[in-house]
file input-v7.cif (mmCIF, C-alpha atoms and all ligand atoms)
data_work
#
loop_
_atom_site.label_atom_id
_atom_site.label_comp_id
_atom_site.auth_asym_id
_atom_site.auth_seq_id
_atom_site.Cartn_x
_atom_site.Cartn_y
_atom_site.Cartn_z
CA MET G 15 146.20 92.77 56.83
CA HIS G 16 143.71 95.35 55.49
CA GLN G 17 140.91 94.19 53.22
CA LYS G 18 141.59 94.72 49.51
CA ILE G 19 139.10 96.42 47.18
CA THR G 20 137.61 94.05 44.61
CA ILE G 21 137.36 95.14 40.97
CA HIS G 22 133.59 95.50 41.30
CA GLY G 23 134.12 97.30 44.64
CA THR G 24 135.66 100.16 42.64
CA ALA G 25 132.10 100.95 41.47
CA PHE G 26 131.23 102.06 45.02
CA VAL G 27 134.16 104.46 44.98
CA THR G 28 133.15 106.08 41.67
CA SER G 29 129.59 106.52 43.02
CA PHE G 30 130.94 108.08 46.16
CA PHE G 31 132.92 110.58 44.07
CA ARG G 32 129.82 111.50 42.04
CA ALA G 33 127.89 112.20 45.22
CA GLY G 34 130.49 114.79 46.26
CA ASP G 35 129.39 117.44 43.74
CA VAL G 36 125.87 116.71 42.56
CA GLU G 37 125.53 120.09 40.87
CA LEU G 38 128.35 119.05 38.55
CA SER G 39 127.82 115.28 38.24
CA LYS G 40 123.99 115.49 38.10
CA ASP G 41 123.89 112.14 39.96
CA ARG G 42 121.49 113.09 42.73
CA TYR G 43 121.06 109.45 43.75
CA ALA G 44 124.75 108.48 44.10
CA TYR G 45 124.58 109.21 47.84
CA LEU G 46 122.45 106.08 48.27
CA TRP G 47 125.48 103.82 47.74
CA ALA G 48 127.63 105.46 50.40
CA ASN G 49 128.64 103.75 53.66
CA PRO G 50 131.62 104.16 56.01
CA THR G 51 133.74 101.48 54.24
CA VAL G 52 133.15 103.08 50.83
CA GLU G 53 134.01 106.47 52.28
CA GLU G 54 137.25 105.08 53.70
CA HIS G 55 138.23 103.45 50.37
CA ALA G 56 137.43 106.63 48.45
CA ALA G 57 139.44 108.77 50.86
CA SER G 58 142.49 106.50 50.81
CA TYR G 59 142.37 106.23 47.00
CA SER G 60 142.16 110.01 46.51
CA ALA G 61 144.91 110.68 49.04
CA ALA G 62 147.24 108.09 47.48
CA VAL G 63 146.59 108.77 43.78
CA SER G 64 145.10 112.22 43.15
CA THR G 65 142.90 114.56 45.12
CA TYR G 66 141.35 115.56 41.76
CA GLU G 67 139.78 112.11 41.25
CA PRO G 68 136.38 113.00 42.80
CA TYR G 69 136.18 116.06 40.52
CA ALA G 70 137.25 114.03 37.46
CA HIS G 71 134.50 111.47 38.08
CA CYS G 72 131.86 114.20 38.41
CA LEU G 73 133.01 115.68 35.08
CA ARG G 74 132.85 112.30 33.36
CA ASN G 75 129.32 111.58 34.55
CA ARG G 76 128.19 115.06 33.55
CA TYR G 77 129.66 114.77 30.07
CA PHE G 78 127.88 111.49 29.31
CA TYR G 79 124.69 112.63 31.03
CA ASP G 80 124.56 115.75 28.83
CA LYS G 81 125.35 113.76 25.66
CA MET G 82 122.72 111.15 26.40
CA VAL G 83 120.05 113.71 27.23
CA GLN G 84 120.80 115.58 23.95
CA LEU G 85 120.67 112.40 21.85
CA ILE G 86 117.50 111.16 23.58
CA GLU G 87 115.82 114.57 23.04
CA LYS G 88 116.67 114.35 19.32
CA GLU G 89 115.17 110.84 19.30
CA SER G 90 118.54 109.47 18.15
CA VAL G 91 118.73 107.09 21.16
CA GLU G 92 115.90 104.87 22.43
CA VAL G 93 117.85 102.42 24.54
CA LEU G 94 120.91 102.96 26.72
CA ILE G 95 123.10 99.90 27.28
CA ASN G 96 125.61 100.39 30.08
CA PHE G 97 128.46 97.84 29.98
CA GLY G 98 130.10 97.59 33.41
CA CYS G 99 127.33 99.81 34.78
CA GLY G 100 128.46 99.44 38.39
CA PHE G 101 126.29 101.63 40.58
CA SER G 102 125.82 104.41 38.06
CA MET G 103 122.30 105.89 38.21
CA TYR G 104 121.67 107.17 34.66
CA PRO G 105 118.26 105.42 34.41
CA PHE G 106 117.02 107.51 37.32
CA ILE G 107 118.61 110.84 36.49
CA ILE G 108 117.59 110.77 32.81
CA GLU G 109 113.99 111.92 32.89
CA LYS G 110 112.76 110.50 29.58
CA ASP G 111 111.24 107.03 29.82
CA ILE G 112 113.50 105.19 27.42
CA LEU G 113 114.70 101.61 27.87
CA PHE G 114 117.79 100.87 29.95
CA ILE G 115 119.95 97.73 29.89
CA GLU G 116 122.45 97.39 32.71
CA VAL G 117 125.27 94.87 32.29
CA ASP G 118 127.86 93.90 34.89
CA LYS G 119 129.25 90.95 36.82
CA LYS G 120 126.83 88.68 38.65
CA ASP G 121 127.59 90.08 42.12
CA VAL G 122 127.13 93.70 41.06
CA ILE G 123 123.86 93.02 39.24
CA ALA G 124 122.43 90.99 42.13
CA TYR G 125 123.38 93.63 44.69
CA LYS G 126 122.24 96.55 42.52
CA LYS G 127 118.86 94.94 41.78
CA ALA G 128 118.23 94.17 45.45
CA ARG G 129 119.10 97.66 46.63
CA LEU G 130 117.16 99.41 43.87
CA THR G 131 114.06 97.29 44.51
CA ASN G 132 114.22 98.33 48.13
CA TRP G 133 114.68 102.02 47.37
CA LEU G 134 111.87 101.93 44.79
CA LYS G 135 109.55 100.44 47.42
CA GLN G 136 110.52 103.23 49.81
CA GLY G 137 109.72 105.79 47.11
CA LEU G 138 113.30 107.04 46.99
CA LEU G 139 113.60 106.46 43.21
CA PRO G 140 111.32 106.95 40.20
CA SER G 141 110.12 103.79 38.45
CA LYS G 142 111.97 103.03 35.16
CA TYR G 143 112.16 100.36 32.44
CA ILE G 144 115.39 98.58 33.31
CA HIS G 145 116.71 95.17 32.26
CA TYR G 146 119.65 93.70 34.16
CA LEU G 147 122.09 91.28 32.55
CA GLU G 148 124.97 89.39 34.15
CA ALA G 149 128.15 89.01 32.11
CA ASP G 150 131.87 88.57 32.51
CA PHE G 151 133.74 90.46 29.78
CA ASN G 152 136.82 88.29 30.40
CA GLN G 153 134.97 85.25 29.04
CA PRO G 154 136.04 84.18 25.53
CA ASP G 155 132.47 83.74 24.28
CA LEU G 156 129.88 86.50 24.74
CA THR G 157 127.27 85.04 22.36
CA HIS G 158 124.72 84.60 25.15
CA LEU G 159 125.09 88.28 26.07
CA LEU G 160 124.71 89.36 22.45
CA GLN G 161 121.53 87.31 22.11
CA ALA G 162 120.07 88.52 25.40
CA ILE G 163 120.63 92.18 24.44
CA GLN G 164 119.28 91.67 20.91
CA LYS G 165 116.11 90.20 22.34
CA ILE G 166 115.50 93.23 24.57
CA LYS G 167 116.75 95.91 22.20
CA GLY G 168 115.02 94.76 19.00
CA THR G 169 115.46 97.48 16.35
CA LYS G 170 115.62 100.39 18.81
CA LYS G 171 118.31 103.05 18.30
CA SER G 172 120.99 102.47 20.92
CA MET G 173 123.79 104.09 22.80
CA ILE G 174 126.36 101.86 24.49
CA LEU G 175 128.37 103.16 27.41
CA LEU G 176 131.69 101.67 28.54
CA GLU G 177 132.80 103.88 31.38
CA GLY G 178 135.55 103.10 33.88
CA VAL G 179 135.90 99.51 32.65
CA LEU G 180 138.71 99.20 30.08
CA PHE G 181 141.51 99.70 32.62
CA PHE G 182 140.42 96.38 34.19
CA LEU G 183 140.26 94.40 30.94
CA ALA G 184 142.86 92.83 28.66
CA ALA G 185 143.35 93.86 25.01
CA GLU G 186 141.66 90.68 23.74
CA ASP G 187 138.60 91.37 25.97
CA THR G 188 138.46 94.88 24.52
CA TYR G 189 138.48 93.69 20.88
CA ARG G 190 135.81 91.10 21.73
CA LEU G 191 133.59 93.75 23.33
CA PHE G 192 133.87 96.20 20.43
CA ASP G 193 133.11 93.35 17.98
CA LEU G 194 130.00 92.65 20.03
CA PHE G 195 129.03 96.35 19.86
CA ASN G 196 129.46 96.23 16.09
CA SER G 197 127.21 93.18 15.81
CA LEU G 198 124.57 94.70 18.08
CA GLN G 199 124.28 98.17 16.65
CA GLU G 200 122.75 99.72 13.55
CA LYS G 201 124.09 102.57 11.43
CA GLY G 202 123.65 105.86 13.35
CA ASP G 203 123.91 104.23 16.81
CA TYR G 204 126.37 105.55 19.41
CA VAL G 205 129.14 104.30 21.72
CA GLY G 206 130.62 106.31 24.59
CA SER G 207 133.89 104.88 25.86
CA VAL G 208 136.42 105.91 28.51
CA SER G 209 140.07 104.93 28.80
CA PHE G 210 143.55 106.13 29.70
CA THR G 211 146.07 106.75 26.91
CA PRO G 212 149.55 105.17 26.87
CA HIS G 213 150.95 108.72 27.23
CA LEU G 214 149.80 108.71 30.88
CA GLU G 215 152.00 105.69 31.65
CA LYS G 216 155.02 108.01 31.81
CA GLU G 217 153.42 110.34 34.34
CA GLU G 218 154.05 110.20 38.09
CA VAL G 219 150.31 110.16 38.82
CA PHE G 220 149.93 106.88 36.88
CA GLY G 221 152.76 105.43 38.95
CA LYS G 222 150.77 106.37 42.05
CA LEU G 223 147.73 104.58 40.60
CA ILE G 224 149.80 101.45 39.98
CA ASN G 225 151.21 101.53 43.51
CA PHE G 226 147.73 101.91 44.94
CA VAL G 227 146.35 99.07 42.80
CA GLU G 228 149.30 96.80 43.68
CA SER G 229 148.67 97.10 47.40
CA ASN G 230 144.91 97.63 47.54
CA LEU G 231 143.15 95.95 44.61
CA GLN G 232 142.23 92.29 44.40
CA LYS G 233 143.23 91.77 40.75
CA ASN G 234 142.30 88.97 38.37
CA HIS G 235 144.64 87.18 35.96
CA GLN G 236 143.53 89.26 32.96
CA PHE G 237 144.25 92.57 34.68
CA GLN G 238 147.19 94.38 33.06
CA TYR G 239 146.65 98.14 33.64
CA GLN G 240 145.23 98.61 30.17
CA THR G 241 145.68 101.92 28.37
CA VAL G 242 144.25 102.50 24.89
CA PRO G 243 145.72 104.76 22.18
CA ASP G 244 143.52 107.29 20.33
CA THR G 245 144.27 105.36 17.13
CA PHE G 246 142.20 102.43 18.46
CA TYR G 247 139.09 104.63 18.31
CA GLN G 248 140.16 106.47 15.15
CA ASN G 249 140.54 103.20 13.23
CA LEU G 250 137.72 101.20 14.77
CA ASP G 251 135.94 99.03 12.23
CA GLY G 252 132.41 100.25 11.50
CA TYR G 253 132.65 103.40 13.65
CA GLU G 254 133.48 107.06 13.21
CA LEU G 255 134.99 109.06 16.06
CA LEU G 256 132.66 112.06 16.56
CA GLU G 257 134.12 113.60 19.70
CA HIS G 258 137.15 113.22 21.93
CA GLN G 259 137.38 114.89 25.33
CA ASP G 260 139.58 114.41 28.36
CA THR G 261 139.38 115.45 32.01
CA LEU G 262 141.23 118.69 31.26
CA SER G 263 139.00 119.71 28.33
CA LEU G 264 135.85 118.85 30.33
CA SER G 265 137.10 120.96 33.20
CA GLN G 266 137.50 123.87 30.76
CA LYS G 267 133.95 123.27 29.52
CA TYR G 268 132.15 122.88 32.85
CA ARG G 269 134.33 124.79 35.35
CA PRO G 270 136.48 127.18 33.28
CA GLU G 271 137.40 129.15 36.41
CA LYS G 272 139.00 126.13 38.10
CA VAL G 273 142.80 125.90 38.03
CA LEU G 274 143.97 122.31 37.53
CA PRO G 275 147.61 121.33 38.13
CA LYS G 276 147.91 119.05 35.06
CA SER G 277 150.60 116.80 36.53
CA GLU G 278 148.33 115.86 39.44
CA VAL G 279 145.36 114.88 37.28
CA LEU G 280 144.84 111.25 36.30
CA ASN G 281 143.71 112.37 32.88
CA GLU G 282 141.01 110.14 31.42
CA HIS G 283 139.83 110.27 27.83
CA MET G 284 136.21 110.17 26.71
CA TYR G 285 135.31 109.12 23.14
CA LEU G 286 131.96 109.43 21.39
CA LEU G 287 131.63 107.15 18.38
CA MET G 288 128.89 106.66 15.82
CA LYS G 289 128.32 103.50 13.83
CA ASN G 290 128.73 104.38 10.17
CA THR G 291 128.10 101.06 8.44
CA ASP G 292 125.13 98.74 8.19
CA LYS G 293 124.90 95.86 10.59
CA GLN G 294 127.40 93.07 9.91
C1 LIG R 301 135.24 101.58 38.23
S1 LIG R 301 133.74 100.67 38.10
C2 LIG R 301 132.83 101.76 36.99
C3 LIG R 301 131.35 101.57 37.13
C4 LIG R 301 130.50 102.54 36.32
N1 LIG R 301 130.64 102.33 34.91
C5 LIG R 301 130.85 103.96 36.70
O1 LIG R 301 131.39 104.68 35.86
O2 LIG R 301 130.58 104.32 37.84
C6 LIG R 301 134.17 99.31 37.03
C7 LIG R 301 133.00 98.40 36.71
O3 LIG R 301 133.40 97.48 35.69
C8 LIG R 301 132.91 96.21 36.01
N2 LIG R 301 133.78 95.19 35.42
C9 LIG R 301 135.13 95.10 35.53
N3 LIG R 301 135.57 93.98 34.93
C10 LIG R 301 134.46 93.36 34.42
C11 LIG R 301 134.26 92.16 33.69
N4 LIG R 301 135.28 91.35 33.39
N5 LIG R 301 133.01 91.82 33.32
C12 LIG R 301 131.95 92.62 33.64
N6 LIG R 301 132.08 93.78 34.33
C13 LIG R 301 133.32 94.15 34.71
C14 LIG R 301 133.00 96.15 37.53
O4 LIG R 301 132.21 95.12 38.09
C15 LIG R 301 132.56 97.55 37.91
O5 LIG R 301 131.18 97.65 38.11
#
call {"tool": "encode", "arguments": {"input": "input-v7.cif", "output": "structure tokens"}}
result
Amino acid sequence: MHQKITIHGTAFVTSFFRAGDVELSKDRYAYLWANPTVEEHAASYSAAVSTYEPYAHCLRNRYFYDKMVQLIEKESVEVLINFGCGFSMYPFIIEKDILFIEVDKKDVIAYKKARLTNWLKQGLLPSKYIHYLEADFNQPDLTHLLQAIQKIKGTKKSMILLEGVLFFLAAEDTYRLFDLFNSLQEKGDYVGSVSFTPHLEKEEVFGKLINFVESNLQKNHQFQYQTVPDTFYQNLDGYELLEHQDTLSLSQKYRPEKVLPKSEVLNEHMYLLMKNTDKQ
């Protein structure tokens, strides 16, 4: 029997995709996470689901990279908190020395810290202010996480990123996380979130994703192929939806010359939200 990909193992695949077109993704350090097993997983995933997945992941990284750089330049963001950070490398590709908080499952954080320490020693990465926190978003009580972030963040203006994570969580985990964001953030702070819409569930490409997940992903009991309607973001308590993009609109923005066969794209949606009420 072939070895299944763990949920956190998917983070290697997204890194591998970002390394494929650095000019677009801007992730010039993603290559560090590559190895033959990751390459094999990435190739079998793209072949089974959509050959446009590597491109889609480069677009997604570029969109958030550009947004974060703009907001940091305007001094609207002083700390970036990446929930389900996986092996994303924003702290190293964003030049400004702001504060970074990386949150993920224990295994991912331990592995990421060990590898980064090694690469820093070898001079392969610039030195940055990064805090690492372990958390499991499936747990019913995230108070310890809230307190740990509050302690590091203080009153700094924040942007929270939730990228490539919601598909793996249940609806109740999602509400709990957005409640936590609301408790953490101040008026004028930002959230960037990524999810699939229920509309995609009818498409053949989503069926291919489900088939791939069924035979290749080691799921947990809370996994239910979550999709999230636009109305979730439009009606989110305490937040205003500032911008809504998807893979197709980002392709138009960054590579207008590229022809994309819509039906073959696993179209992901990117939402930029701003907190519009005082802290609860
Ligand atoms: C597809 S990867 C995306 C990683 C990164 N955000 C990116 O865009 O490259 C999904 C990430 O979500 C994390 N994740 C999934 N379920 C989680 C949970 N219950 N608690 C904490 N992290 C979780 C995984 O460990 C993994 O790093």
call {"tool": "closest_atom_pairs", "arguments": {"input": "input-v7.cif", "of": "chain G", "to": "ligand LIG 301 (chain R)", "cutoff": "7 Å", "atoms": "only C-alpha atoms and all ligand atoms", "output": "JSON lines"}}
result
{"residue": "G:Ile21", "atom": "CA", "partner": "R:LIG301", "partner_atom": "C14", "distance": 5.6}
{"residue": "G:His22", "atom": "CA", "partner": "R:LIG301", "partner_atom": "O4", "distance": 3.5}
{"residue": "G:Gly23", "atom": "CA", "partner": "R:LIG301", "partner_atom": "C15", "distance": 6.9}
{"residue": "G:Thr24", "atom": "CA", "partner": "R:LIG301", "partner_atom": "C1", "distance": 4.7}
{"residue": "G:Ala25", "atom": "CA", "partner": "R:LIG301", "partner_atom": "S1", "distance": 3.8}
{"residue": "G:Thr28", "atom": "CA", "partner": "R:LIG301", "partner_atom": "O2", "distance": 4.9}
{"residue": "G:Ser29", "atom": "CA", "partner": "R:LIG301", "partner_atom": "O2", "distance": 5.7}
{"residue": "G:Phe97", "atom": "CA", "partner": "R:LIG301", "partner_atom": "N6", "distance": 7.0}
{"residue": "G:Gly98", "atom": "CA", "partner": "R:LIG301", "partner_atom": "O3", "distance": 4.0}
{"residue": "G:Cys99", "atom": "CA", "partner": "R:LIG301", "partner_atom": "N1", "distance": 4.2}
{"residue": "G:Gly100", "atom": "CA", "partner": "R:LIG301", "partner_atom": "O5", "distance": 3.3}
{"residue": "G:Phe101", "atom": "CA", "partner": "R:LIG301", "partner_atom": "O2", "distance": 5.8}
{"residue": "G:Ser102", "atom": "CA", "partner": "R:LIG301", "partner_atom": "O2", "distance": 4.8}
{"residue": "G:Asp118", "atom": "CA", "partner": "R:LIG301", "partner_atom": "N6", "distance": 4.3}
{"residue": "G:Lys119", "atom": "CA", "partner": "R:LIG301", "partner_atom": "C12", "distance": 4.5}
{"residue": "G:Val122", "atom": "CA", "partner": "R:LIG301", "partner_atom": "O4", "distance": 6.1}
{"residue": "G:Ala149", "atom": "CA", "partner": "R:LIG301", "partner_atom": "C12", "distance": 5.5}
{"residue": "G:Asp150", "atom": "CA", "partner": "R:LIG301", "partner_atom": "N5", "distance": 3.5}
{"residue": "G:Phe151", "atom": "CA", "partner": "R:LIG301", "partner_atom": "N5", "distance": 3.9}
{"residue": "G:Asn152", "atom": "CA", "partner": "R:LIG301", "partner_atom": "N4", "distance": 4.5}
{"residue": "G:Leu176", "atom": "CA", "partner": "R:LIG301", "partner_atom": "N1", "distance": 6.5}
{"residue": "G:Glu177", "atom": "CA", "partner": "R:LIG301", "partner_atom": "N1", "distance": 4.4}
{"residue": "G:Gly178", "atom": "CA", "partner": "R:LIG301", "partner_atom": "C2", "distance": 4.3}
{"residue": "G:Val179", "atom": "CA", "partner": "R:LIG301", "partner_atom": "O3", "distance": 4.4}
{"residue": "G:Phe182", "atom": "CA", "partner": "R:LIG301", "partner_atom": "N3", "distance": 5.5}
{"residue": "G:Leu183", "atom": "CA", "partner": "R:LIG301", "partner_atom": "N3", "distance": 6.2}
call {"tool": "closest_residue", "arguments": {"input": "input-v7.cif", "among": "G:Lys267, G:Arg76, G:Lys110, G:Lys170", "to": "Arg32 of chain G", "atoms": "only C-alpha atoms"}}
result
G:Arg76
call {"tool": "closest_atom_pairs", "arguments": {"input": "input-v7.cif", "of": "segment 215-291 of chain G", "to": "segment 34-49 of chain G", "cutoff": "12 Å", "atoms": "only C-alpha atoms", "output": "JSON lines"}}
result
{"residue": "G:Leu264", "atom": "CA", "partner": "G:Leu38", "partner_atom": "CA", "distance": 11.1}
{"residue": "G:Ser265", "atom": "CA", "partner": "G:Leu38", "partner_atom": "CA", "distance": 10.4}
{"residue": "G:Lys267", "atom": "CA", "partner": "G:Leu38", "partner_atom": "CA", "distance": 11.4}
{"residue": "G:Tyr268", "atom": "CA", "partner": "G:Leu38", "partner_atom": "CA", "distance": 7.8}
{"residue": "G:Arg269", "atom": "CA", "partner": "G:Leu38", "partner_atom": "CA", "distance": 8.9}
call {"tool": "residues_around", "arguments": {"input": "input-v7.cif", "residues": "Tyr66 of chain G", "least_positions_apart": "4", "cutoff": "12 Å", "atoms": "all atoms listed in the file", "output": "MDAnalysis selection string"}}
result
chainID G and resid 31 34 56:57 59:62 70:73 219 261:262 265 272:282
call {"tool": "atom_distance", "arguments": {"input": "input-v7.cif", "atom1": "atom CA of Gly137 of chain G", "atom2": "atom CA of Ile107 of chain G"}}
result
14.7 Å
call {"tool": "residues_around", "arguments": {"input": "input-v7.cif", "residues": "Ala185 of chain G", "least_positions_apart": "5", "cutoff": "9 Å", "atoms": "all atoms listed in the file", "output": "PyMOL selection string"}}
result
chain G and resi 180+190+238+240+242
call {"tool": "closest_residue", "arguments": {"input": "input-v7.cif", "among": "G:Leu214, G:Tyr146, G:Thr241, G:Phe78", "to": "Lys120 of chain G", "atoms": "all atoms listed in the file"}}
result
G:Tyr146
call {"tool": "residues_around", "arguments": {"input": "input-v7.cif", "residues": "segment 221-232 of chain G", "least_positions_apart": "3", "cutoff": "6 Å", "atoms": "all atoms listed in the file", "output": "ChimeraX atom specification"}}
result
/G:18-20,63,218
call {"tool": "atom_distance", "arguments": {"input": "input-v7.cif", "atom1": "atom CA of Tyr77 of chain G", "atom2": "atom CA of Glu217 of chain G"}}
result
24.5 Å
call {"tool": "atom_distance", "arguments": {"input": "input-v7.cif", "atom1": "atom CA of Lys167 of chain G", "atom2": "atom CA of His145 of chain G"}}
result
10.1 Å
call {"tool": "closest_residue", "arguments": {"input": "input-v7.cif", "among": "G:His258, G:Leu194, G:Glu53, G:Val208", "to": "Asp155 of chain G", "atoms": "only C-alpha atoms"}}
result
G:Leu194
call {"tool": "build_atoms", "arguments": {"input": "input-v7.cif", "residues": "segment 264-276 of chain G", "atoms": "N, CA and C atoms", "output": "compact mmCIF listing (two decimals), keeping the file's coordinate frame"}}
result
# COMPACT_ATOMS: atom_id res chain seq x y z
N LEU G 264 137.17 118.77 29.68
CA LEU G 264 135.85 118.85 30.33
C LEU G 264 135.86 119.86 31.46
N SER G 265 136.99 119.97 32.13
CA SER G 265 137.10 120.96 33.20
C SER G 265 136.97 122.36 32.61
N GLN G 266 137.60 122.58 31.47
CA GLN G 266 137.50 123.87 30.76
C GLN G 266 136.06 124.17 30.40
N LYS G 267 135.34 123.12 29.98
CA LYS G 267 133.95 123.27 29.52
C LYS G 267 133.00 123.56 30.69
N TYR G 268 133.15 122.79 31.77
CA TYR G 268 132.15 122.88 32.85
C TYR G 268 132.56 123.79 34.01
N ARG G 269 133.86 123.94 34.24
CA ARG G 269 134.33 124.79 35.35
C ARG G 269 135.55 125.58 34.87
N PRO G 270 135.34 126.48 33.88
CA PRO G 270 136.48 127.18 33.28
C PRO G 270 137.31 127.97 34.29
N GLU G 271 136.69 128.34 35.41
CA GLU G 271 137.40 129.15 36.41
C GLU G 271 138.35 128.30 37.25
N LYS G 272 138.21 126.99 37.21
CA LYS G 272 139.00 126.13 38.10
C LYS G 272 140.42 125.93 37.56
N VAL G 273 141.40 126.10 38.44
CA VAL G 273 142.80 125.90 38.03
C VAL G 273 143.18 124.45 38.35
N LEU G 274 143.61 123.72 37.32
CA LEU G 274 143.97 122.31 37.53
C LEU G 274 145.47 122.11 37.33
N PRO G 275 146.19 121.63 38.35
CA PRO G 275 147.61 121.33 38.13
C PRO G 275 147.71 120.04 37.31
N LYS G 276 147.99 120.18 36.01
CA LYS G 276 147.91 119.05 35.06
C LYS G 276 148.61 117.80 35.54
